[in-house]
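Source file: protein_31.csv; contents: CSV, C-alpha atoms and all ligand atoms.
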```csv
chain,number,residue,atom,x,y,z
A,991,MET,CA,-3.1,-15.7,27.2
A,992,PRO,CA,-1.2,-14.4,24.2
A,993,ARG,CA,0.3,-11.0,24.2
A,994,PRO,CA,-2.6,-8.6,23.7
A,995,LEU,CA,-1.2,-7.0,20.6
A,996,GLU,CA,-3.1,-7.7,17.3
A,997,ALA,CA,-3.7,-6.2,13.9
A,998,LEU,CA,-7.3,-6.3,12.5
A,999,ILE,CA,-7.9,-6.3,8.8
A,1000,HIS,CA,-11.2,-4.7,7.9
A,1001,ILE,CA,-12.6,-6.5,4.8
A,1002,ASP,CA,-15.5,-4.0,4.5
A,1003,ALA,CA,-13.0,-1.1,4.4
A,1004,LEU,CA,-11.1,-2.8,1.5
A,1005,HIS,CA,-14.4,-3.2,-0.4
A,1006,HIS,CA,-15.3,0.4,0.3
A,1007,ASN,CA,-11.9,1.8,-0.8
A,1008,LEU,CA,-12.0,-0.3,-4.0
A,1009,GLU,CA,-15.4,1.3,-4.8
A,1010,ARG,CA,-13.8,4.7,-4.2
A,1011,ALA,CA,-11.2,3.9,-6.8
A,1012,ARG,CA,-14.0,2.9,-9.2
A,1013,GLU,CA,-15.9,6.1,-8.6
A,1014,CYS,CA,-12.8,8.1,-9.5
A,1015,ALA,CA,-12.4,6.3,-12.8
A,1016,PRO,CA,-15.6,4.5,-13.6
A,1017,ASP,CA,-14.6,3.6,-17.2
A,1018,ALA,CA,-11.2,2.2,-16.3
A,1019,ARG,CA,-10.3,-1.2,-15.1
A,1020,ILE,CA,-8.5,-1.6,-11.8
A,1021,TRP,CA,-5.2,-3.2,-11.0
A,1022,ALA,CA,-5.4,-3.6,-7.3
A,1023,VAL,CA,-1.7,-3.2,-6.3
A,1024,VAL,CA,-1.0,-5.9,-3.7
A,1025,LYS,CA,2.8,-5.9,-3.6
A,1026,ALA,CA,4.6,-6.5,-0.3
A,1027,GLY,CA,1.9,-9.0,0.8
A,1028,GLY,CA,-0.9,-6.4,0.2
A,1029,TYR,CA,1.1,-3.6,1.8
A,1030,GLY,CA,1.6,-5.7,4.9
A,1031,HIS,CA,-2.0,-6.8,5.3
A,1032,GLY,CA,-1.4,-10.3,4.1
A,1033,LEU,CA,-2.2,-11.4,0.5
A,1034,LYS,CA,-4.8,-13.9,1.5
A,1035,ARG,CA,-6.8,-11.4,3.6
A,1036,ILE,CA,-6.7,-8.6,1.1
A,1037,PHE,CA,-7.8,-11.0,-1.6
A,1038,GLU,CA,-11.0,-11.5,0.3
A,1039,GLY,CA,-11.7,-7.8,0.3
A,1040,LEU,CA,-10.5,-6.9,-3.2
A,1041,ARG,CA,-11.7,-9.8,-5.4
A,1042,ALA,CA,-13.9,-7.3,-7.2
A,1043,ALA,CA,-10.8,-5.8,-8.8
A,1044,ASP,CA,-10.1,-6.5,-12.5
A,1045,GLY,CA,-6.6,-7.7,-11.8
A,1046,PHE,CA,-3.9,-7.8,-9.2
A,1047,ALA,CA,-0.5,-6.1,-9.7
A,1048,LEU,CA,2.6,-7.2,-7.7
A,1049,LEU,CA,6.3,-7.9,-8.0
A,1050,ASP,CA,6.9,-11.4,-6.9
A,1051,ILE,CA,6.2,-14.6,-8.8
A,1052,ALA,CA,5.7,-16.4,-5.5
A,1053,GLU,CA,2.9,-14.0,-4.6
A,1054,ALA,CA,1.4,-14.4,-8.0
A,1055,GLN,CA,1.5,-18.2,-7.4
A,1056,LYS,CA,-0.4,-17.7,-4.2
A,1057,LEU,CA,-3.1,-15.8,-6.0
A,1058,ARG,CA,-3.5,-18.6,-8.5
A,1059,ASP,CA,-3.6,-21.1,-5.5
A,1060,MET,CA,-6.5,-19.0,-4.2
A,1061,ALA,CA,-8.2,-19.8,-7.5
A,1062,TRP,CA,-7.8,-16.2,-9.0
A,1063,ARG,CA,-8.0,-16.8,-12.7
A,1064,GLY,CA,-8.1,-13.1,-13.8
A,1065,PRO,CA,-5.1,-11.0,-14.8
A,1066,ILE,CA,-2.0,-10.7,-12.7
A,1067,LEU,CA,0.6,-8.1,-13.6
A,1068,LEU,CA,4.3,-8.2,-12.6
A,1069,LEU,CA,5.0,-4.5,-12.1
A,1070,GLU,CA,8.8,-4.9,-12.5
A,1071,GLY,CA,8.5,-7.6,-15.1
A,1072,VAL,CA,10.8,-10.6,-15.0
A,1073,PHE,CA,14.2,-10.5,-13.3
A,1074,GLU,CA,15.8,-13.2,-15.5
A,1075,ALA,CA,14.9,-15.3,-18.6
A,1076,ARG,CA,13.8,-18.3,-16.6
A,1077,ASP,CA,11.0,-16.3,-14.9
A,1078,LEU,CA,9.2,-16.3,-18.3
A,1079,GLU,CA,8.5,-20.0,-17.8
A,1080,TRP,CA,6.6,-19.1,-14.7
A,1081,CYS,CA,4.7,-16.3,-16.6
A,1082,SER,CA,3.7,-18.8,-19.2
A,1083,ARG,CA,2.7,-21.4,-16.7
A,1084,LEU,CA,0.7,-19.0,-14.4
A,1085,GLY,CA,-0.6,-16.9,-17.2
A,1086,LEU,CA,1.1,-13.7,-15.8
A,1087,TRP,CA,1.1,-10.4,-17.6
A,1088,HIS,CA,4.4,-8.6,-17.2
A,1089,VAL,CA,5.9,-5.1,-17.5
A,1090,VAL,CA,8.8,-4.7,-20.0
A,1091,HIS,CA,11.1,-1.9,-19.1
A,1092,CYS,CA,14.4,-2.7,-20.6
A,1093,ASP,CA,16.0,-4.3,-23.8
A,1094,GLU,CA,17.2,-7.3,-21.9
A,1095,GLN,CA,13.6,-8.3,-21.1
A,1096,ILE,CA,12.8,-8.1,-24.8
A,1097,ASP,CA,15.8,-10.3,-25.6
A,1098,TRP,CA,14.6,-12.9,-23.1
A,1099,LEU,CA,11.1,-12.8,-24.6
A,1100,ALA,CA,12.5,-13.2,-28.1
A,1101,ALA,CA,14.3,-16.4,-27.0
A,1102,HIS,CA,11.4,-17.7,-25.0
A,1103,LYS,CA,9.4,-20.8,-26.1
A,1104,THR,CA,5.8,-20.5,-25.2
A,1105,GLU,CA,2.5,-22.0,-26.4
A,1106,TRP,CA,0.5,-18.9,-25.5
A,1107,PRO,CA,1.8,-15.4,-26.3
A,1108,HIS,CA,2.2,-13.0,-23.4
A,1109,ARG,CA,0.4,-9.9,-22.6
A,1110,VAL,CA,2.9,-7.2,-21.8
A,1111,PHE,CA,2.9,-3.6,-20.4
A,1112,LEU,CA,5.7,-1.5,-22.0
A,1113,LYS,CA,6.9,1.1,-19.6
A,1114,MET,CA,8.1,4.5,-20.5
A,1115,ASN,CA,10.4,6.5,-18.2
A,1116,THR,CA,8.9,9.9,-18.4
A,1117,GLY,CA,11.0,11.4,-15.6
A,1118,MET,CA,10.9,9.2,-12.6
A,1119,ASN,CA,14.2,7.6,-13.8
A,1120,ARG,CA,13.8,4.3,-12.1
A,1121,LEU,CA,12.4,1.8,-14.6
A,1122,GLY,CA,11.4,2.2,-18.2
A,1123,PHE,CA,12.6,3.1,-21.7
A,1124,THR,CA,13.5,6.6,-22.5
A,1125,PRO,CA,10.8,8.4,-24.5
A,1126,HIS,CA,13.0,8.2,-27.6
A,1127,ALA,CA,13.7,4.5,-27.3
A,1128,PHE,CA,10.0,3.7,-26.6
A,1129,ARG,CA,8.8,3.5,-30.2
A,1130,SER,CA,11.5,1.0,-31.3
A,1131,ALA,CA,10.9,-1.1,-28.2
A,1132,TRP,CA,7.1,-1.1,-29.0
A,1133,ALA,CA,7.8,-2.1,-32.6
A,1134,ARG,CA,10.2,-4.9,-31.6
A,1135,LEU,CA,7.8,-6.3,-29.0
A,1136,SER,CA,4.8,-6.1,-31.4
A,1137,ALA,CA,6.7,-8.1,-34.0
A,1138,LEU,CA,7.4,-11.0,-31.6
A,1139,SER,CA,5.3,-14.2,-31.9
A,1140,GLN,CA,5.8,-14.6,-28.1
A,1141,VAL,CA,3.8,-11.4,-27.5
A,1142,ASP,CA,0.1,-11.0,-27.7
A,1143,GLU,CA,-1.0,-7.4,-26.9
A,1144,VAL,CA,1.3,-4.6,-25.9
A,1145,SER,CA,-0.1,-2.0,-23.5
A,1146,LEU,CA,1.6,1.2,-22.6
A,1147,MET,CA,2.4,2.5,-19.1
A,1148,THR,CA,4.3,5.1,-17.2
A,1149,HIS,CA,4.6,6.1,-13.5
A,1150,PHE,CA,4.3,9.5,-12.0
A,1151,SER,CA,6.9,10.8,-9.5
A,1152,ASP,CA,4.9,13.8,-8.2
A,1153,ALA,CA,1.2,13.0,-8.5
A,1154,ASP,CA,0.9,13.7,-4.8
A,1155,GLY,CA,2.7,17.1,-4.8
A,1156,PRO,CA,2.9,20.6,-6.2
A,1157,LYS,CA,5.0,19.6,-9.2
A,1158,GLY,CA,2.1,17.5,-10.5
A,1159,ILE,CA,2.0,15.3,-13.5
A,1160,ASP,CA,1.7,17.6,-16.5
A,1161,HIS,CA,5.3,17.4,-17.6
A,1162,GLN,CA,5.3,13.6,-17.5
A,1163,LEU,CA,1.8,13.3,-19.1
A,1164,LYS,CA,3.0,15.5,-22.0
A,1165,THR,CA,6.1,13.3,-22.5
A,1166,PHE,CA,4.0,10.1,-22.4
A,1167,GLN,CA,1.4,11.4,-24.9
A,1168,THR,CA,4.0,12.9,-27.3
A,1169,HIS,CA,5.9,9.7,-27.6
A,1170,SER,CA,3.0,7.3,-27.6
A,1171,ALA,CA,0.4,9.2,-29.5
A,1172,ASP,CA,0.2,6.9,-32.6
A,1173,LEU,CA,1.1,3.6,-30.9
A,1174,SER,CA,-1.9,1.3,-30.4
A,1175,GLY,CA,-2.5,-0.4,-27.0
A,1176,GLU,CA,-4.2,0.2,-23.7
A,1177,ARG,CA,-2.8,2.8,-21.3
A,1178,SER,CA,-2.0,2.8,-17.6
A,1179,LEU,CA,-0.7,5.8,-15.8
A,1180,CYS,CA,-2.2,6.4,-12.3
A,1181,ASN,CA,-1.2,5.3,-8.8
A,1182,SER,CA,-3.4,6.4,-5.9
A,1183,ALA,CA,-2.4,10.0,-5.9
A,1184,GLY,CA,-2.9,10.2,-9.7
A,1185,ILE,CA,-6.4,8.6,-9.3
A,1186,LEU,CA,-7.5,10.9,-6.5
A,1187,ARG,CA,-6.0,14.1,-7.6
A,1188,HIS,CA,-5.8,13.9,-11.4
A,1189,ALA,CA,-8.1,11.2,-12.9
A,1190,ALA,CA,-10.9,13.7,-13.8
A,1191,ASN,CA,-8.9,13.9,-17.0
A,1192,PRO,CA,-9.7,10.9,-19.2
A,1193,ASP,CA,-6.2,10.9,-20.7
A,1194,VAL,CA,-4.8,10.5,-17.2
A,1195,ARG,CA,-7.2,7.7,-16.3
A,1196,GLY,CA,-6.4,5.6,-19.3
A,1197,ASP,CA,-7.7,2.0,-19.5
A,1198,TRP,CA,-6.2,0.7,-16.3
A,1199,ILE,CA,-5.6,2.5,-13.0
A,1200,ARG,CA,-3.2,1.2,-10.4
A,1201,PRO,CA,-4.4,2.0,-6.9
A,1202,GLY,CA,-2.2,0.9,-4.0
A,1203,VAL,CA,-2.2,2.7,-0.7
A,1204,MET,CA,-5.7,4.1,-1.1
A,1205,LEU,CA,-7.1,0.6,-1.1
A,1206,TYR,CA,-5.7,0.2,2.4
A,1207,GLY,CA,-7.3,3.4,3.6
A,1208,ALA,CA,-4.3,5.7,3.8
A,1209,SER,CA,-4.0,9.0,2.0
A,1210,PRO,CA,-1.3,9.4,-0.7
A,1211,ASP,CA,-0.9,13.1,0.0
A,1212,TYR,CA,-1.1,13.5,3.7
A,1213,PRO,CA,-1.0,16.1,5.3
A,1214,GLU,CA,-2.4,18.1,2.5
A,1215,HIS,CA,-5.4,15.7,2.5
A,1216,ASP,CA,-6.2,13.1,5.0
A,1217,ALA,CA,-8.0,9.7,4.4
A,1218,ALA,CA,-11.3,11.1,5.6
A,1219,TYR,CA,-11.1,13.9,3.0
A,1220,TRP,CA,-10.7,11.3,0.3
A,1221,ARG,CA,-13.5,9.2,2.0
A,1222,LEU,CA,-11.2,6.2,2.5
A,1223,GLN,CA,-11.6,3.8,5.5
A,1224,PRO,CA,-8.6,2.4,7.3
A,1225,ALA,CA,-8.2,-1.3,6.4
A,1226,MET,CA,-5.7,-2.0,9.2
A,1227,THR,CA,-6.1,-1.4,12.9
A,1228,LEU,CA,-3.2,-2.1,15.3
A,1229,ARG,CA,-4.4,-2.4,18.8
A,1230,THR,CA,-3.1,-3.6,22.2
A,1231,LYS,CA,-3.8,-3.1,25.9
A,1232,ILE,CA,-2.3,-1.4,28.9
A,1233,ILE,CA,-0.2,-3.9,30.7
A,1234,GLY,CA,1.3,-1.7,33.4
A,1235,ILE,CA,0.7,1.6,35.2
A,1236,GLN,CA,3.2,3.8,37.0
A,1237,HIS,CA,2.7,6.8,39.2
A,1238,ILE,CA,5.7,9.1,39.0
A,1239,GLU,CA,6.8,12.3,40.6
A,1240,ALA,CA,8.3,15.5,39.2
A,1241,GLY,CA,12.0,14.7,38.4
A,1242,ASP,CA,11.3,11.0,37.7
A,1243,THR,CA,12.3,9.7,34.3
A,1244,VAL,CA,10.7,7.1,32.0
A,1245,GLY,CA,12.3,4.4,29.9
A,1246,TYR,CA,15.7,3.8,28.3
A,1247,GLY,CA,18.1,6.7,28.3
A,1248,SER,CA,15.8,8.5,30.8
A,1249,ALA,CA,14.7,10.3,27.7
A,1250,PHE,CA,11.6,11.7,29.4
A,1251,THR,CA,11.6,13.6,32.7
A,1252,ALA,CA,8.4,14.4,34.5
A,1253,SER,CA,7.8,18.0,35.5
A,1254,LYS,CA,4.9,17.1,37.7
A,1255,PRO,CA,3.3,14.0,39.2
A,1256,MET,CA,2.0,11.8,36.3
A,1257,ARG,CA,0.2,8.6,35.7
A,1258,ILE,CA,2.0,6.5,33.0
A,1259,GLY,CA,0.6,3.6,31.0
A,1260,ILE,CA,2.8,0.8,29.6
A,1261,LEU,CA,1.5,-0.6,26.3
A,1262,ALA,CA,2.3,-4.0,24.8
A,1263,CYS,CA,3.7,-2.9,21.5
A,1264,GLY,CA,7.3,-2.0,20.5
A,1265,TYR,CA,9.6,-1.7,17.6
A,1266,ALA,CA,9.9,-5.4,17.3
A,1267,ASP,CA,6.2,-5.3,16.2
A,1268,GLY,CA,6.9,-2.7,13.5
A,1269,TYR,CA,6.0,0.4,15.6
A,1270,PRO,CA,8.7,2.9,14.7
A,1271,ARG,CA,11.4,3.3,17.3
A,1272,ASN,CA,11.9,6.9,16.3
A,1273,ALA,CA,8.3,7.9,17.3
A,1274,PRO,CA,8.8,11.1,19.2
A,1275,GLU,CA,7.2,12.3,22.4
A,1276,GLY,CA,3.7,13.4,21.6
A,1277,THR,CA,2.9,10.8,18.9
A,1278,PRO,CA,-0.7,10.0,19.7
A,1279,VAL,CA,-2.4,6.7,20.7
A,1280,LEU,CA,-6.0,6.1,21.5
A,1281,VAL,CA,-6.6,4.8,25.0
A,1282,GLY,CA,-10.2,3.6,25.2
A,1283,GLY,CA,-10.9,5.8,22.2
A,1284,GLU,CA,-9.3,8.9,23.8
A,1285,ARG,CA,-6.0,10.5,22.6
A,1286,ALA,CA,-2.9,10.2,24.8
A,1287,PRO,CA,0.7,11.2,23.9
A,1288,ILE,CA,3.5,8.7,24.0
A,1289,ILE,CA,6.5,9.7,26.2
A,1290,GLY,CA,10.1,8.4,26.4
A,1291,ARG,CA,11.6,6.0,24.0
A,1292,VAL,CA,9.8,3.2,22.2
A,1293,SER,CA,11.4,0.0,23.3
A,1294,MET,CA,11.4,-3.4,21.7
A,1295,ASP,CA,8.2,-4.6,23.3
A,1296,MET,CA,6.7,-1.6,25.1
A,1297,ILE,CA,5.6,2.0,24.6
A,1298,ASN,CA,4.9,4.5,27.4
A,1299,ALA,CA,1.9,6.9,27.3
A,1300,ASP,CA,0.8,9.7,29.5
A,1301,LEU,CA,-2.5,8.8,31.1
A,1302,SER,CA,-2.6,11.7,33.6
A,1303,HIS,CA,-5.8,13.0,32.0
A,1304,LEU,CA,-7.4,9.6,31.7
A,1305,PRO,CA,-8.3,8.4,35.2
A,1306,HIS,CA,-10.5,5.6,33.8
A,1307,ALA,CA,-7.7,3.9,31.9
A,1308,VAL,CA,-6.5,0.8,33.8
A,1309,ILE,CA,-4.6,-2.4,33.1
A,1310,GLY,CA,-6.5,-4.1,30.3
A,1311,THR,CA,-7.9,-0.9,28.7
A,1312,GLU,CA,-7.7,-1.1,24.9
A,1313,VAL,CA,-5.2,1.0,23.1
A,1314,THR,CA,-5.2,1.8,19.4
A,1315,LEU,CA,-1.8,2.5,17.8
A,1316,TRP,CA,-3.5,3.3,14.5
A,1317,GLY,CA,-6.7,2.5,12.6
A,1318,GLN,CA,-10.2,2.2,14.0
A,1319,GLY,CA,-10.6,2.7,17.8
A,1320,PRO,CA,-13.3,1.5,20.1
A,1321,GLU,CA,-16.5,3.6,20.6
A,1322,HIS,CA,-16.1,6.5,22.9
A,1323,LYS,CA,-19.3,8.2,24.3
A,1324,GLY,CA,-21.3,6.4,21.6
A,1325,LEU,CA,-19.1,7.6,18.7
A,1326,ALA,CA,-16.7,5.7,16.5
A,1327,THR,CA,-13.0,6.8,17.0
A,1328,GLN,CA,-10.1,6.7,14.5
A,1329,LEU,CA,-6.4,7.3,14.6
A,1330,PRO,CA,-5.2,7.8,11.0
A,1331,ILE,CA,-2.0,5.8,10.3
A,1332,ASP,CA,-0.9,8.8,8.2
A,1333,GLU,CA,-0.9,11.0,11.4
A,1334,VAL,CA,1.2,8.5,13.3
A,1335,ALA,CA,3.6,8.2,10.4
A,1336,HIS,CA,3.8,12.0,10.0
A,1337,HIS,CA,5.0,12.3,13.6
A,1338,CYS,CA,7.7,9.7,12.9
A,1339,GLY,CA,8.9,11.5,9.7
A,1340,THR,CA,7.6,8.8,7.4
A,1341,ILE,CA,4.4,7.8,5.5
A,1342,GLY,CA,1.5,5.5,6.2
A,1343,TYR,CA,2.8,3.1,3.5
A,1344,GLU,CA,5.9,2.4,5.5
A,1345,LEU,CA,4.1,1.7,8.8
A,1346,MET,CA,1.6,-0.7,7.3
A,1347,CYS,CA,4.3,-2.6,5.3
A,1348,ALA,CA,6.5,-2.9,8.4
A,1349,LEU,CA,4.1,-4.8,10.6
A,1350,SER,CA,6.3,-7.6,11.9
A,1351,LYS,CA,5.7,-11.3,11.8
A,1352,ARG,CA,5.1,-11.7,15.5
A,1353,VAL,CA,1.9,-9.6,15.4
A,1354,SER,CA,-1.1,-11.8,15.1
A,1355,ILE,CA,-3.6,-10.7,12.5
A,1356,LEU,CA,-7.3,-11.1,12.6
A,1357,THR,CA,-9.7,-10.6,9.7
A,1358,VAL,CA,-12.8,-8.7,10.5
A,1359,ASN,CA,-15.4,-9.9,8.1
A,1360,PRO,CA,-18.7,-8.1,8.4
A,1361,HIS,CA,-20.6,-10.9,6.6
A,1362,GLN,CA,-19.7,-13.3,9.4
A,1363,GLY,CA,-20.8,-10.8,12.0
J,1,LIG,C1,3.3,0.6,-6.0
J,1,LIG,C2,2.9,1.0,-7.3
J,1,LIG,C3,1.6,1.6,-7.5
J,1,LIG,C4,0.7,1.9,-6.4
J,1,LIG,O1,1.1,3.1,-5.8
J,1,LIG,P1,0.3,3.8,-4.6
J,1,LIG,O2,0.9,5.1,-4.4
J,1,LIG,O3,0.4,2.9,-3.4
J,1,LIG,O4,-1.1,3.9,-5.1
J,1,LIG,C5,1.2,1.9,-8.8
J,1,LIG,N1,2.1,1.6,-9.9
J,1,LIG,C6,3.3,1.1,-9.7
J,1,LIG,C7,4.2,0.9,-10.9
J,1,LIG,C8,3.8,0.8,-8.5
J,1,LIG,O5,5.0,0.3,-8.3
```

This entry written out as structure tokens:
Amino acid sequence: MPRPLEALIHIDALHHNLERARECAPDARIWAVVKAGGYGHGLKRIFEGLRAADGFALLDIAEAQKLRDMAWRGPILLLEGVFEARDLEWCSRLGLWHVVHCDEQIDWLAAHKTEWPHRVFLKMNTGMNRLGFTPHAFRSAWARLSALSQVDEVSLMTHFSDADGPKGIDHQLKTFQTHSADLSGERSLCNSAGILRHAANPDVRGDWIRPGVMLYGASPDYPEHDAAYWRLQPAMTLRTKIIGIQHIEAGDTVGYGSAFTASKPMRIGILACGYADGYPRNAPEGTPVLVGGERAPIIGRVSMDMINADLSHLPHAVIGTEVTLWGQGPEHKGLATQLPIDEVAHHCGTIGYELMCALSKRVSILTVNPHQG
């Protein structure tokens, strides 16, 4: 029997979350952001759940090729554009749309020979200070691109640094609007936090929204709001089983470095999951897991292949009992259970995004497709 650790990808949750994005911006088209192999879910699996999107946005030409191999003929956007002139050949061949964020990318386009002109998204740096033209250089970049025979339509985009927090988007929105007001082209501004928190404003929605993490059922602004608040459903469950049980006495320690010392007699469960699976090694004591749908705290250090949990309050938990590390748990007393990935991440000082992307190769992944029962 294989190790009992597996990730489940819930296709119905992907459908649902995509619909949530549509509800927030019904008049906009949706770039489903699927970089990093669909945030760790696997490009092929998420394609099944998100094919109702208007386009797919990612970074990597190899991933774009995979989407074309899966017979996706709709738009694909390279969010960082091309990394060298030669990449433009691939854009022509695969019909990729690409972001243009620096002069070099315009130089490469000007020298590129292509039968079909490219659709590009010109990026303004409105304060994030990663990629994009400064507001003052934006207009001349737009004019230069628009004049190229290699370019079909120029769309305008920017990216918010604080859509999830108290600083908000107003300062960036104003910069974007001021410096693009009279330029023609479709607009794209919002990531998940922008969509959920700010897209009631049509100027913020624009023509294309770019949801990422919300499609996978995590909240972009946890702990202020959790996924349930935003009515998102977890698309990934990581689950395993109890593979060992120890009864320990007061004064006994658990795991490497004797990092946990019992102050009373305890019953400890050993779970088949560790940092080599992508579970964070820095998860502190008290990080929750669901044992048969009931919460239990982890204790001691996370090791490469195992985690320890306190089962003292769960006498029914035995070897073979199902344990949920995050996502959708088994029914308990007739009710569905959940352990939000954001909550686990918060304990570990990180965000749900990182945990889902970090799922390691050795974890087998199953697709749960409701249509196949
Ligand atoms: C990753 C990314 C997104 C999606 O962000 P989420 O916070 O996951 O919704 C949107 N736009 C750009 C440019 C990105 O790089």

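For the point (4.0, 16.4, 24.3), the residues with an atom at a distance of at most 9 Å are A:Pro1274, A:Glu1275, A:Gly1276, A:Thr1277, A:Pro1287, A:Ile1288, A:Ile1289, counting all atoms listed in the file.
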
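Atom pair CA of Leu1086 in chain A / CA of Leu1067 in chain A: separated by 6.0 Å.
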
Inset, instruction - Name all residues at most 12 Å from Lys1323 in chain A (count only C-alpha atoms; drop same-chain ones fewer than 2 positions away) and give them as a list of chain:residue names. - result: A:Gly1282, A:Gly1283, A:Glu1284, A:Pro1320, A:Glu1321, A:Leu1325, A:Ala1326, A:Thr1327

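Remark: for ligand LIG 1 (chain J), the closest of the candidate residues A:Ala1022, A:Ile1066, A:Leu1033, A:Ala1054 is A:Ala1022 (distances computed over all atoms listed in the file).
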
Taking all atoms listed in the file into account, which residues have an atom no farther than 6 Å from ligand LIG 1 (chain J)? I'd like them as an mmCIF file with C-alpha atoms, in the frame of the given file.
```cif
data_model
loop_
_atom_site.group_PDB
_atom_site.id
_atom_site.type_symbol
_atom_site.label_atom_id
_atom_site.label_comp_id
_atom_site.auth_asym_id
_atom_site.auth_seq_id
_atom_site.Cartn_x
_atom_site.Cartn_y
_atom_site.Cartn_z
ATOM 1 C CA VAL A 1023 -1.700 -3.200 -6.300
ATOM 2 C CA LEU A 1069 5.000 -4.500 -12.100
ATOM 3 C CA HIS A 1149 4.600 6.100 -13.500
ATOM 4 C CA ASN A 1181 -1.200 5.300 -8.800
ATOM 5 C CA SER A 1182 -3.400 6.400 -5.900
ATOM 6 C CA ARG A 1200 -3.200 1.200 -10.400
ATOM 7 C CA PRO A 1201 -4.400 2.000 -6.900
ATOM 8 C CA GLY A 1202 -2.200 0.900 -4.000
ATOM 9 C CA VAL A 1203 -2.200 2.700 -0.700
#
```

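If you look at CA of Ala1133 in chain A and CA of Ser1170 in chain A, they are 11.7 Å away from each other.
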
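Using only C-alpha atoms, the smallest distance between any of A:Leu1228, A:Ile1199, A:Ala1307, A:Val1024 and Ser1354 in chain A comes from A:Leu1228.
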
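Nearest to Arg1187 in chain A of all the residues A:Met1346, A:Ala1153, A:Ala1335, A:Ile1235 is A:Ala1153, counting all atoms listed in the file.
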
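Between CA of Asp1332 in chain A and CA of Met1147 in chain A the separation is 28.2 Å.
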
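The residue that comes closest to Arg1134 in chain A, out of A:Asp1093, A:Gly1117, A:Gly1158, A:Asp1152 and on the basis of all atoms listed in the file, is A:Asp1093.
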
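Minimum distance to Met1118 in chain A across A:Gly1317, A:Ala1101, A:Ser1136, A:Ser1151 (counting all atoms listed in the file) occurs at A:Ser1151.
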
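Among the candidates A:Ser1350, A:Ser1293, A:Ser1209, A:Ser1174, the residue lying nearest to Arg1129 in chain A is A:Ser1174 (atoms considered: all atoms listed in the file).
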
Inset, instruction - Find the residues near Tyr1269 in chain A: any atom within 12 Å, counting only C-alpha atoms, skip ones fewer than 5 places away on the same chain, and give them as an NGL selection string. - result: :A and (995 or 997 or 1228-1230 or 1261-1264 or 1274 or 1277 or 1279 or 1291-1297 or 1314-1316 or 1331 or 1334-1335 or 1338 or 1340 or 1342 or 1344-1350 or 1353)

Please identify all polymer residues lying at most 8 Å from the point (-2.3, 7.3, 25.2) (file coordinates), using only C-alpha atoms, and present the result as a CSV table (one decimal) with C-alpha atoms, in the coordinates of the input.
```csv
chain,number,residue,atom,x,y,z
A,1259,GLY,CA,0.6,3.6,31.0
A,1278,PRO,CA,-0.7,10.0,19.7
A,1279,VAL,CA,-2.4,6.7,20.7
A,1280,LEU,CA,-6.0,6.1,21.5
A,1281,VAL,CA,-6.6,4.8,25.0
A,1284,GLU,CA,-9.3,8.9,23.8
A,1285,ARG,CA,-6.0,10.5,22.6
A,1286,ALA,CA,-2.9,10.2,24.8
A,1287,PRO,CA,0.7,11.2,23.9
A,1288,ILE,CA,3.5,8.7,24.0
A,1299,ALA,CA,1.9,6.9,27.3
A,1300,ASP,CA,0.8,9.7,29.5
A,1301,LEU,CA,-2.5,8.8,31.1
A,1313,VAL,CA,-5.2,1.0,23.1
```

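The list of residues with at least one atom within 6 Å of range 1038-1044 of chain A, based on only C-alpha atoms and without residues fewer than 4 positions apart in the same chain, reads Ile1001, Leu1004, His1005, Arg1019 and Ile1020 of chain A.
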